[in-house]
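Peer 1: Input target07.cif, format and content: mmCIF, C-alpha atoms and all ligand atoms.
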data_run
loop_
_atom_site.group_PDB
_atom_site.id
_atom_site.type_symbol
_atom_site.label_atom_id
_atom_site.label_comp_id
_atom_site.auth_asym_id
_atom_site.auth_seq_id
_atom_site.Cartn_x
_atom_site.Cartn_y
_atom_site.Cartn_z
ATOM 1 C CA MET A 10 69.828 113.582 91.272
ATOM 2 C CA LEU A 11 70.396 110.477 93.383
ATOM 3 C CA SER A 12 68.838 108.190 90.815
ATOM 4 C CA TYR A 13 71.415 105.442 91.429
ATOM 5 C CA GLN A 14 70.037 102.454 93.358
ATOM 6 C CA HIS A 15 72.492 99.857 94.527
ATOM 7 C CA ALA A 16 69.739 97.192 94.803
ATOM 8 C CA TYR A 17 70.192 96.553 91.052
ATOM 9 C CA HIS A 18 73.918 95.955 91.446
ATOM 10 C CA ALA A 19 74.418 94.503 94.941
ATOM 11 C CA GLY A 20 76.629 91.421 94.888
ATOM 12 C CA ASN A 21 78.044 92.084 91.424
ATOM 13 C CA LEU A 22 81.713 91.474 90.649
ATOM 14 C CA ALA A 23 82.619 95.036 91.625
ATOM 15 C CA ASP A 24 81.050 94.431 95.045
ATOM 16 C CA VAL A 25 82.924 91.145 95.374
ATOM 17 C CA HIS A 26 86.190 92.980 94.640
ATOM 18 C CA LYS A 27 85.420 95.881 97.001
ATOM 19 C CA HIS A 28 83.874 93.840 99.822
ATOM 20 C CA GLY A 29 86.513 91.100 99.648
ATOM 21 C CA VAL A 30 89.301 93.657 100.084
ATOM 22 C CA LEU A 31 87.321 95.625 102.689
ATOM 23 C CA ALA A 32 86.874 92.486 104.794
ATOM 24 C CA TRP A 33 90.593 91.668 104.576
ATOM 25 C CA VAL A 34 91.575 95.203 105.668
ATOM 26 C CA ILE A 35 89.145 95.224 108.605
ATOM 27 C CA ASP A 36 90.391 91.810 109.694
ATOM 28 C CA TYR A 37 93.960 93.123 109.591
ATOM 29 C CA LEU A 38 93.089 96.241 111.609
ATOM 30 C CA THR A 39 91.208 94.251 114.263
ATOM 31 C CA ARG A 40 94.201 91.993 114.957
ATOM 32 C CA LYS A 41 95.359 94.714 117.394
ATOM 33 C CA ASP A 42 93.323 95.056 120.596
ATOM 34 C CA LYS A 43 93.011 98.845 120.277
ATOM 35 C CA PRO A 44 89.578 100.032 119.108
ATOM 36 C CA LEU A 45 89.144 101.728 115.735
ATOM 37 C CA THR A 46 86.746 103.962 113.828
ATOM 38 C CA TYR A 47 85.053 102.777 110.619
ATOM 39 C CA ILE A 48 83.665 105.552 108.390
ATOM 40 C CA GLU A 49 81.720 105.368 105.124
ATOM 41 C CA THR A 50 80.784 108.308 102.915
ATOM 42 C CA HIS A 51 78.317 106.423 100.657
ATOM 43 C CA ALA A 52 76.867 103.599 102.726
ATOM 44 C CA GLY A 53 73.794 102.408 100.796
ATOM 45 C CA ARG A 54 71.049 100.456 102.594
ATOM 46 C CA GLY A 55 73.224 97.815 104.245
ATOM 47 C CA VAL A 56 71.082 94.769 103.409
ATOM 48 C CA TYR A 57 70.038 93.660 99.909
ATOM 49 C CA ASP A 58 67.577 90.944 98.877
ATOM 50 C CA LEU A 59 69.008 88.862 96.052
ATOM 51 C CA THR A 60 65.521 87.577 95.189
ATOM 52 C CA SER A 61 64.167 91.132 94.677
ATOM 53 C CA ASN A 62 62.911 92.229 91.246
ATOM 54 C CA GLU A 63 65.846 94.645 91.034
ATOM 55 C CA ALA A 64 68.474 91.940 91.598
ATOM 56 C CA LEU A 65 66.767 89.436 89.293
ATOM 57 C CA LYS A 66 66.300 92.037 86.574
ATOM 58 C CA THR A 67 70.034 92.652 86.120
ATOM 59 C CA GLY A 68 71.333 89.202 87.119
ATOM 60 C CA GLU A 69 74.484 90.899 88.432
ATOM 61 C CA ALA A 70 74.572 89.021 91.744
ATOM 62 C CA ALA A 71 74.233 85.697 89.917
ATOM 63 C CA ALA A 72 77.259 86.634 87.802
ATOM 64 C CA GLY A 73 79.048 88.004 90.876
ATOM 65 C CA ILE A 74 78.859 86.741 94.446
ATOM 66 C CA LEU A 75 76.969 83.545 93.550
ATOM 67 C CA ARG A 76 79.485 82.664 90.850
ATOM 68 C CA SER A 77 82.433 83.435 93.149
ATOM 69 C CA GLU A 78 81.009 81.097 95.790
ATOM 70 C CA VAL A 79 80.532 78.251 93.317
ATOM 71 C CA ALA A 80 84.188 78.760 92.367
ATOM 72 C CA GLY A 81 85.182 78.742 96.073
ATOM 73 C CA TRP A 82 87.040 82.065 96.031
ATOM 74 C CA PHE A 83 86.495 82.859 99.721
ATOM 75 C CA ASP A 84 86.465 79.977 102.160
ATOM 76 C CA ALA A 85 85.522 80.249 105.844
ATOM 77 C CA ASP A 86 89.121 81.229 106.700
ATOM 78 C CA HIS A 87 88.925 84.343 104.532
ATOM 79 C CA PRO A 88 87.448 87.357 106.361
ATOM 80 C CA TYR A 89 84.906 87.914 103.546
ATOM 81 C CA GLY A 90 83.792 84.272 103.755
ATOM 82 C CA ALA A 91 83.488 84.644 107.541
ATOM 83 C CA ALA A 92 81.514 87.906 107.192
ATOM 84 C CA LEU A 93 79.099 86.323 104.688
ATOM 85 C CA THR A 94 78.447 83.381 107.016
ATOM 86 C CA ARG A 95 77.839 85.576 110.073
ATOM 87 C CA PHE A 96 75.604 87.933 108.109
ATOM 88 C CA ARG A 97 73.501 85.121 106.573
ATOM 89 C CA ASP A 98 73.031 83.507 109.986
ATOM 90 C CA ARG A 99 71.166 86.671 110.975
ATOM 91 C CA TRP A 100 69.574 87.821 107.682
ATOM 92 C CA GLY A 101 69.018 84.588 105.728
ATOM 93 C CA GLU A 102 70.542 82.878 102.705
ATOM 94 C CA ASN A 103 69.021 85.233 100.116
ATOM 95 C CA ALA A 104 70.318 88.395 101.745
ATOM 96 C CA TYR A 105 73.536 90.108 100.657
ATOM 97 C CA PRO A 106 75.593 92.355 102.967
ATOM 98 C CA GLY A 107 76.390 95.850 101.755
ATOM 99 C CA SER A 108 79.677 97.325 102.925
ATOM 100 C CA PRO A 109 78.334 98.559 106.328
ATOM 101 C CA MET A 110 77.201 95.014 107.104
ATOM 102 C CA VAL A 111 80.464 93.454 105.917
ATOM 103 C CA ALA A 112 82.176 95.852 108.329
ATOM 104 C CA ALA A 113 79.714 95.262 111.200
ATOM 105 C CA SER A 114 80.174 91.487 110.868
ATOM 106 C CA LEU A 115 83.912 91.851 111.545
ATOM 107 C CA LEU A 116 84.185 94.828 113.904
ATOM 108 C CA ARG A 117 84.186 94.528 117.715
ATOM 109 C CA ASP A 118 81.715 96.199 120.092
ATOM 110 C CA THR A 119 84.403 98.711 121.043
ATOM 111 C CA ASP A 120 84.841 99.902 117.433
ATOM 112 C CA VAL A 121 82.880 102.991 116.361
ATOM 113 C CA MET A 122 80.957 103.228 113.052
ATOM 114 C CA HIS A 123 79.952 106.422 111.194
ATOM 115 C CA LEU A 124 77.905 105.947 108.011
ATOM 116 C CA ALA A 125 76.609 108.633 105.627
ATOM 117 C CA GLU A 126 73.779 107.982 103.179
ATOM 118 C CA LEU A 127 72.055 110.904 101.499
ATOM 119 C CA HIS A 128 69.060 109.209 99.855
ATOM 120 C CA PRO A 129 66.076 109.354 102.278
ATOM 121 C CA GLN A 130 64.766 105.835 101.574
ATOM 122 C CA GLU A 131 68.191 104.230 101.561
ATOM 123 C CA ASN A 132 69.029 106.097 104.749
ATOM 124 C CA ALA A 133 65.833 104.879 106.459
ATOM 125 C CA ALA A 134 66.565 101.286 105.406
ATOM 126 C CA LEU A 135 70.146 101.629 106.652
ATOM 127 C CA LYS A 136 68.940 102.925 110.032
ATOM 128 C CA ALA A 137 66.488 100.044 110.340
ATOM 129 C CA ALA A 138 69.176 97.495 109.470
ATOM 130 C CA MET A 139 71.966 98.881 111.658
ATOM 131 C CA GLY A 140 69.896 99.772 114.723
ATOM 132 C CA ARG A 141 72.141 101.277 117.382
ATOM 133 C CA ARG A 142 75.326 99.719 116.039
ATOM 134 C CA ALA A 143 76.287 102.788 113.976
ATOM 135 C CA HIS A 144 75.983 106.563 113.892
ATOM 136 C CA ILE A 145 73.951 107.175 110.724
ATOM 137 C CA HIS A 146 74.251 110.568 109.029
ATOM 138 C CA GLN A 147 71.831 111.803 106.386
ATOM 139 C CA GLN A 148 74.162 114.272 104.762
ATOM 140 C CA ASP A 149 76.796 114.527 102.059
ATOM 141 C CA GLY A 150 79.378 111.859 102.861
ATOM 142 C CA TYR A 151 82.401 114.027 102.070
ATOM 143 C CA LYS A 152 81.141 116.747 104.429
ATOM 144 C CA MET A 153 80.541 114.174 107.153
ATOM 145 C CA ALA A 154 84.035 112.716 106.753
ATOM 146 C CA LYS A 155 85.688 116.149 106.799
ATOM 147 C CA ALA A 156 83.730 117.084 109.919
ATOM 148 C CA ILE A 157 84.567 113.985 111.979
ATOM 149 C CA CYS A 158 88.194 113.401 110.915
ATOM 150 C CA PRO A 159 90.425 112.862 112.771
ATOM 151 C CA PRO A 160 87.949 110.571 114.511
ATOM 152 C CA THR A 161 87.958 109.057 117.979
ATOM 153 C CA PRO A 162 89.315 106.392 118.181
ATOM 154 C CA ARG A 163 92.064 107.676 115.922
ATOM 155 C CA ARG A 164 92.983 104.375 114.281
ATOM 156 C CA GLY A 165 90.685 103.276 111.511
ATOM 157 C CA LEU A 166 89.388 103.039 108.003
ATOM 158 C CA LEU A 167 87.363 105.274 105.688
ATOM 159 C CA LEU A 168 85.584 103.771 102.680
ATOM 160 C CA ILE A 169 84.601 106.135 99.856
ATOM 161 C CA ASP A 170 82.222 104.376 97.475
ATOM 162 C CA PRO A 171 80.481 106.962 95.274
ATOM 163 C CA SER A 172 78.064 106.114 92.484
ATOM 164 C CA PHE A 173 79.867 108.551 90.117
ATOM 165 C CA GLU A 174 76.517 109.709 88.731
ATOM 166 C CA GLN A 175 78.147 112.984 87.751
ATOM 167 C CA LYS A 176 81.392 113.189 85.824
ATOM 168 C CA ALA A 177 82.569 116.056 88.065
ATOM 169 C CA GLU A 178 82.960 113.540 90.895
ATOM 170 C CA TYR A 179 86.085 112.125 89.205
ATOM 171 C CA ASP A 180 87.698 115.559 89.717
ATOM 172 C CA GLN A 181 86.316 116.115 93.223
ATOM 173 C CA VAL A 182 87.342 112.792 94.765
ATOM 174 C CA PRO A 183 91.155 113.326 94.815
ATOM 175 C CA ASP A 184 90.701 116.777 96.405
ATOM 176 C CA ALA A 185 88.398 115.353 99.066
ATOM 177 C CA MET A 186 90.821 112.518 99.787
ATOM 178 C CA ALA A 187 93.747 114.939 100.059
ATOM 179 C CA MET A 188 91.840 117.129 102.505
ATOM 180 C CA ILE A 189 90.762 114.187 104.668
ATOM 181 C CA HIS A 190 94.267 112.674 104.603
ATOM 182 C CA LYS A 191 95.706 116.007 105.729
ATOM 183 C CA LYS A 192 93.384 115.987 108.759
ATOM 184 C CA TRP A 193 93.801 112.259 109.446
ATOM 185 C CA ASN A 194 97.213 111.159 108.259
ATOM 186 C CA VAL A 195 97.112 107.773 110.046
ATOM 187 C CA GLY A 196 93.738 106.682 108.636
ATOM 188 C CA VAL A 197 93.459 104.013 105.984
ATOM 189 C CA ILE A 198 91.429 105.573 103.163
ATOM 190 C CA MET A 199 89.969 103.271 100.526
ATOM 191 C CA LEU A 200 88.284 104.521 97.357
ATOM 192 C CA TRP A 201 86.263 102.359 94.976
ATOM 193 C CA TYR A 202 85.690 103.440 91.361
ATOM 194 C CA PRO A 203 84.183 101.814 88.268
ATOM 195 C CA VAL A 204 86.288 100.860 85.261
ATOM 196 C CA LEU A 205 84.037 101.754 82.346
ATOM 197 C CA GLN A 206 84.500 101.168 78.642
ATOM 198 C CA LYS A 207 84.884 104.955 78.404
ATOM 199 C CA ARG A 208 87.697 104.810 80.993
ATOM 200 C CA LEU A 209 86.471 107.926 82.793
ATOM 201 C CA HIS A 210 88.591 106.992 85.822
ATOM 202 C CA GLY A 211 91.951 107.323 84.015
ATOM 203 C CA ALA A 212 92.886 110.917 84.880
ATOM 204 C CA MET A 213 91.587 110.550 88.448
ATOM 205 C CA ALA A 214 93.690 107.448 89.089
ATOM 206 C CA VAL A 215 96.826 109.111 87.698
ATOM 207 C CA ARG A 216 96.198 112.129 89.934
ATOM 208 C CA LEU A 217 95.755 109.905 92.978
ATOM 209 C CA GLU A 218 99.062 108.175 92.219
ATOM 210 C CA SER A 219 100.830 111.507 92.051
ATOM 211 C CA LEU A 220 99.181 112.858 95.229
ATOM 212 C CA PHE A 221 99.772 109.616 97.178
ATOM 213 C CA PRO A 222 102.891 107.880 95.800
ATOM 214 C CA ASP A 223 102.717 105.244 98.567
ATOM 215 C CA GLY A 224 99.072 104.411 97.861
ATOM 216 C CA LEU A 225 98.014 101.158 96.208
ATOM 217 C CA ARG A 226 96.037 101.181 92.957
ATOM 218 C CA HIS A 227 94.332 97.932 92.031
ATOM 219 C CA GLU A 228 92.124 97.297 89.018
ATOM 220 C CA VAL A 229 90.463 94.098 87.890
ATOM 221 C CA ALA A 230 88.748 93.433 84.581
ATOM 222 C CA PHE A 231 85.732 91.162 84.235
ATOM 223 C CA PRO A 232 83.161 90.198 81.612
ATOM 224 C CA PRO A 233 80.351 92.789 81.398
ATOM 225 C CA ALA A 234 77.206 91.625 83.245
ATOM 226 C CA ARG A 235 75.127 92.248 80.087
ATOM 227 C CA GLU A 236 75.912 92.846 76.445
ATOM 228 C CA ASP A 237 75.169 96.578 76.681
ATOM 229 C CA HIS A 238 76.796 97.022 80.109
ATOM 230 C CA GLY A 239 79.499 99.683 80.171
ATOM 231 C CA MET A 240 81.297 98.510 83.334
ATOM 232 C CA THR A 241 84.146 96.183 82.460
ATOM 233 C CA GLY A 242 86.076 96.282 85.699
ATOM 234 C CA SER A 243 86.505 97.640 89.192
ATOM 235 C CA GLY A 244 89.165 99.792 90.803
ATOM 236 C CA LEU A 245 90.438 100.497 94.305
ATOM 237 C CA PHE A 246 92.904 103.096 95.549
ATOM 238 C CA ILE A 247 94.141 102.716 99.126
ATOM 239 C CA ILE A 248 96.053 105.311 101.138
ATOM 240 C CA ASN A 249 98.088 103.934 104.081
ATOM 241 C CA PRO A 250 97.635 100.327 102.896
ATOM 242 C CA PRO A 251 98.160 97.727 105.638
ATOM 243 C CA TYR A 252 101.149 95.396 105.450
ATOM 244 C CA GLY A 253 100.419 92.402 103.189
ATOM 245 C CA LEU A 254 97.589 94.066 101.262
ATOM 246 C CA ARG A 255 99.525 94.029 97.959
ATOM 247 C CA GLU A 256 99.689 90.218 98.108
ATOM 248 C CA GLU A 257 95.982 89.964 98.963
ATOM 249 C CA LEU A 258 95.108 92.213 96.007
ATOM 250 C CA ASP A 259 97.172 89.930 93.769
ATOM 251 C CA ARG A 260 95.273 86.887 95.068
ATOM 252 C CA ILE A 261 91.862 88.475 94.387
ATOM 253 C CA GLY A 262 93.090 89.712 90.987
ATOM 254 C CA ALA A 263 94.217 86.195 90.032
ATOM 255 C CA ARG A 264 90.763 84.790 90.875
ATOM 256 C CA MET A 265 89.013 87.478 88.841
ATOM 257 C CA ALA A 266 91.356 86.812 85.924
ATOM 258 C CA THR A 267 89.948 83.269 85.623
ATOM 259 C CA LEU A 268 86.534 84.664 84.585
ATOM 260 C CA THR A 269 85.555 84.514 80.949
ATOM 261 C CA GLY A 270 82.305 85.717 79.353
HETATM 262 N N1 LIG A 301 78.846 101.307 99.809
HETATM 263 C C1 LIG A 301 77.663 100.534 99.455
HETATM 264 C C2 LIG A 301 78.010 99.060 99.451
HETATM 265 O O1 LIG A 301 79.117 98.695 98.994
HETATM 266 O O2 LIG A 301 77.194 98.257 99.891
HETATM 267 C C3 LIG A 301 77.093 100.957 98.119
HETATM 268 C C4 LIG A 301 76.907 102.416 97.966
HETATM 269 S S1 LIG A 301 76.234 102.931 96.424
HETATM 270 C C5 LIG A 301 77.518 102.604 95.310
HETATM 271 C C6 LIG A 301 76.322 104.679 96.589
HETATM 272 C C7 LIG A 301 75.316 105.268 97.572
HETATM 273 O O3 LIG A 301 75.699 106.625 97.826
HETATM 274 C C8 LIG A 301 73.879 105.314 97.078
HETATM 275 O O4 LIG A 301 73.065 104.639 98.015
HETATM 276 C C9 LIG A 301 73.532 106.812 97.036
HETATM 277 O O5 LIG A 301 72.201 107.101 97.444
HETATM 278 C C10 LIG A 301 74.518 107.404 97.999
HETATM 279 N N2 LIG A 301 74.951 108.801 97.762
HETATM 280 C C11 LIG A 301 75.085 109.444 96.579
HETATM 281 N N3 LIG A 301 75.654 110.644 96.761
HETATM 282 C C12 LIG A 301 75.905 110.762 98.088
HETATM 283 C C13 LIG A 301 76.537 111.755 98.892
HETATM 284 N N4 LIG A 301 77.013 112.905 98.358
HETATM 285 N N5 LIG A 301 76.652 111.529 100.220
HETATM 286 C C14 LIG A 301 76.176 110.389 100.782
HETATM 287 N N6 LIG A 301 75.573 109.408 100.063
HETATM 288 C C15 LIG A 301 75.456 109.581 98.736
#
Will you turn the file into structure tokens for me?
Ligand code: SAM
Peer 2:
Amino acid sequence: MLSYQHAYHAGNLADVHKHGVLAWVIDYLTRKDKPLTYIETHAGRGVYDLTSNEALKTGEAAAGILRSEVAGWFDADHPYGAALTRFRDRWGENAYPGSPMVAASLLRDTDVMHLAELHPQENAALKAAMGRRAHIHQQDGYKMAKAICPPTPRRGLLLIDPSFEQKAEYDQVPDAMAMIHKKWNVGVIMLWYPVLQKRLHGAMAVRLESLFPDGLRHEVAFPPAREDHGMTGSGLFIINPPYGLREELDRIGARMATLTG
């Protein structure tokens, strides 16, 4: 259990997809003065070292965030580009921001953060990185989200980013999202899922589309990071998508489509 470690994968193309869209959504939500709540069910450690043995072993960041920057996908005007700059000013050029840090770089002091991370070491690292900026929960992320929704402030965003270590999670996720949406019908809920060669996400994505007909489903394909790597793309499903998100997803999709092996 809990054998997944994001340090091997931080900054890969799936992260670029997820974090690029996350940054755009947070930027959109913070255009209004009113404070918001940011919630994450599977937060990870927050800060990753791209020179670590784990990152160098897989080479996923080199094929992901580093490649996207050489290609100039996110300039300083894009919220993800802005978040990367702010984060690196504090943590250094070789550090990569996990989703809680992408969020923290863009949120205001009046916005509230709740982050769940079950793994003891990852949770300790997350606490050390976030300090007092966020409420950190060491418990199952779905339970945490169900307990605090609807949150105060009521506006906001929930990111669900599971590692899908167990196949049963593909069945559980739509039920959890339906329950949370029922309690918090104004919240933006964003799910990330892997697109694997085995296409394990297929039935889940179809179920999400039938449960949430106004939700946005977005999938991108990319070259596998290694010859034997089963992940060939990345998916997002967003409930209560902000105005203009469809066009932003198309822009990110078009950039990803330029990648070849
Ligand atoms: N969201 C992070 C980011 O984008 O930077 C990456 C998160 S990683 C894909 C998934 C994390 O969820 C792992 O750190 C794992 O320890 C944690 N985890 C697994 N099951 C969990 C659960 N039921 N509740 C909370 N955390 C969990």
Peer 1: For the structure shown, which residues end up in the PyMOL selection byres (((chain A and resi 207-211) around 12) and not hetatm)? Put them as a PDB file with C-alpha atoms, in the frame of the given file, please?
Peer 2:
ATOM      1  CA  PHE A 173      79.867 108.551  90.117  1.00  0.00           C
ATOM      2  CA  GLU A 174      76.517 109.709  88.731  1.00  0.00           C
ATOM      3  CA  GLN A 175      78.147 112.984  87.751  1.00  0.00           C
ATOM      4  CA  LYS A 176      81.392 113.189  85.824  1.00  0.00           C
ATOM      5  CA  ALA A 177      82.569 116.056  88.065  1.00  0.00           C
ATOM      6  CA  GLU A 178      82.960 113.540  90.895  1.00  0.00           C
ATOM      7  CA  TYR A 179      86.085 112.125  89.205  1.00  0.00           C
ATOM      8  CA  ASP A 180      87.698 115.559  89.717  1.00  0.00           C
ATOM      9  CA  GLN A 181      86.316 116.115  93.223  1.00  0.00           C
ATOM     10  CA  VAL A 182      87.342 112.792  94.765  1.00  0.00           C
ATOM     11  CA  PRO A 183      91.155 113.326  94.815  1.00  0.00           C
ATOM     12  CA  LEU A 200      88.284 104.521  97.357  1.00  0.00           C
ATOM     13  CA  TRP A 201      86.263 102.359  94.976  1.00  0.00           C
ATOM     14  CA  TYR A 202      85.690 103.440  91.361  1.00  0.00           C
ATOM     15  CA  PRO A 203      84.183 101.814  88.268  1.00  0.00           C
ATOM     16  CA  VAL A 204      86.288 100.860  85.261  1.00  0.00           C
ATOM     17  CA  LEU A 205      84.037 101.754  82.346  1.00  0.00           C
ATOM     18  CA  GLN A 206      84.500 101.168  78.642  1.00  0.00           C
ATOM     19  CA  ALA A 212      92.886 110.917  84.880  1.00  0.00           C
ATOM     20  CA  MET A 213      91.587 110.550  88.448  1.00  0.00           C
ATOM     21  CA  ALA A 214      93.690 107.448  89.089  1.00  0.00           C
ATOM     22  CA  VAL A 215      96.826 109.111  87.698  1.00  0.00           C
ATOM     23  CA  ARG A 216      96.198 112.129  89.934  1.00  0.00           C
ATOM     24  CA  LEU A 217      95.755 109.905  92.978  1.00  0.00           C
ATOM     25  CA  GLU A 218      99.062 108.175  92.219  1.00  0.00           C
ATOM     26  CA  ARG A 226      96.037 101.181  92.957  1.00  0.00           C
ATOM     27  CA  GLU A 228      92.124  97.297  89.018  1.00  0.00           C
ATOM     28  CA  ALA A 230      88.748  93.433  84.581  1.00  0.00           C
ATOM     29  CA  HIS A 238      76.796  97.022  80.109  1.00  0.00           C
ATOM     30  CA  GLY A 239      79.499  99.683  80.171  1.00  0.00           C
ATOM     31  CA  MET A 240      81.297  98.510  83.334  1.00  0.00           C
ATOM     32  CA  THR A 241      84.146  96.183  82.460  1.00  0.00           C
ATOM     33  CA  GLY A 242      86.076  96.282  85.699  1.00  0.00           C
ATOM     34  CA  SER A 243      86.505  97.640  89.192  1.00  0.00           C
ATOM     35  CA  GLY A 244      89.165  99.792  90.803  1.00  0.00           C
ATOM     36  CA  LEU A 245      90.438 100.497  94.305  1.00  0.00           C
ATOM     37  CA  PHE A 246      92.904 103.096  95.549  1.00  0.00           C
TER      38      PHE A 246
END
Peer 1: Residues of region 88-194 of chain A that have any atom at most 6 Å from an atom of region 56-78 of chain A: could you tabulate them with the shortest-distance atom pair and the distance in Å to one decimal, using all atoms listed in the file, ordered by chain and increasing number, as a tab-separated table?
Peer 2:
residue	atom	partner	partner_atom	distance
A:Asn103	CA	A:Leu59	CA	5.4
A:Ala104	CA	A:Asp58	CA	4.7
A:Tyr105	CA	A:Tyr57	CA	5.0
A:Pro106	CA	A:Val56	CA	5.1
A:Gly107	CA	A:Val56	CA	5.7
Peer 1: Find the axis-aligned box for ligand LIG 301 (chain A), covering all its listed atoms and adding 6 Å on each side, and write its centre and edge lengths in Å to one decimal as AutoDock Vina command-line options.
Peer 2:
--center_x 75.7 --center_y 105.6 --center_z 98.0 --size_x 18.9 --size_y 26.6 --size_z 17.5
Peer 1: What does the distance between CA of Gly224 (chain A) and CA of Ile247 (chain A) come to in Å, to one decimal place?
Peer 2: 5.4 Å
Peer 1: Please, which residues have at least one atom within 7 Å of an atom of ligand LIG 301 (chain A), using only C-alpha atoms and all ligand atoms, listed as a list of chain:residue names?
Peer 2: A:Leu11, A:Tyr13, A:Gln14, A:His15, A:Ala19, A:Asp24, A:His28, A:Thr50, A:His51, A:Ala52, A:Gly53, A:Arg54, A:Gly55, A:Pro106, A:Gly107, A:Ser108, A:Pro109, A:Ala125, A:Glu126, A:Leu127, A:His128, A:Glu131, A:Gln148, A:Asp149, A:Gly150, A:Tyr151, A:Asp170, A:Pro171, A:Ser172
Peer 1: If you apply the PyMOL selection byres (((chain A and resi 112) around 12) and not hetatm) to this file, what residues do you get, as a count of residues only?
Peer 2: 50
Peer 1: So how many Å separate CA of Arg164 (chain A) and CA of Pro251 (chain A), to one decimal?
Peer 2: 12.1 Å
Peer 1: Please identify all polymer residues within 10 Å of Thr269 (chain A), counting all atoms listed in the file, omitting same-chain residues fewer than 5 positions from it, and present them as a PyMOL selection string.
Peer 2: chain A and resi 231-233
Peer 1: Could the residues in this selection be saved with C-alpha atoms as a PDB file, in the frame of the given file?
Peer 2:
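out_32.pdb was written with the following content:
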ATOM      1  CA  PHE A 231      85.732  91.162  84.235  1.00  0.00           C
ATOM      2  CA  PRO A 232      83.161  90.198  81.612  1.00  0.00           C
ATOM      3  CA  PRO A 233      80.351  92.789  81.398  1.00  0.00           C
TER       4      PRO A 233
END
Peer 1: Return the single residue from A:His227, A:Arg141, A:Lys155, A:Arg97 that is closest to Glu257 (chain A), with distances computed using only C-alpha atoms.
Peer 2: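 Residue with the minimum atom-to-atom distance to Glu257 (chain A): A:His227.
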Peer 1: Return the single residue from A:His26, A:Lys43, A:His146, A:Lys192 that is closest to Phe83 (chain A), with distances computed using only C-alpha atoms.
Peer 2: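 The closest residue to Phe83 (chain A) is A:His26.
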Peer 1: For each of A:Asn194, A:Arg99, A:Ala154, A:Pro162, take the minimum atom-to-atom distance to Ala138 (chain A), counting all atoms listed in the file, then give the residue where this is smallest.
Peer 2: A:Arg99
Peer 1: Figure out the distance between CA of Met188 (chain A) and CA of Tyr252 (chain A), please, to one decimal in Å.
Peer 2: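 So the two atoms, CA of Tyr252 (chain A) and CA of Met188 (chain A), lie 23.8 Å apart.
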Peer 1: With distances taken over all atoms listed in the file, which residue among A:Asp184, A:Asn249, A:Leu135, A:Asp237 lies nearest Leu220 (chain A)?
Peer 2: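 Smallest distance to Leu220 (chain A) is found for A:Asp184.
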Peer 1: For Met186 (chain A), which residue among A:Leu254, A:Ala134, A:Cys158, A:Val229 is the nearest when counting all atoms listed in the file?
Peer 2: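 Once distances to Met186 (chain A) are computed over all atoms listed in the file, the minimum belongs to A:Cys158.
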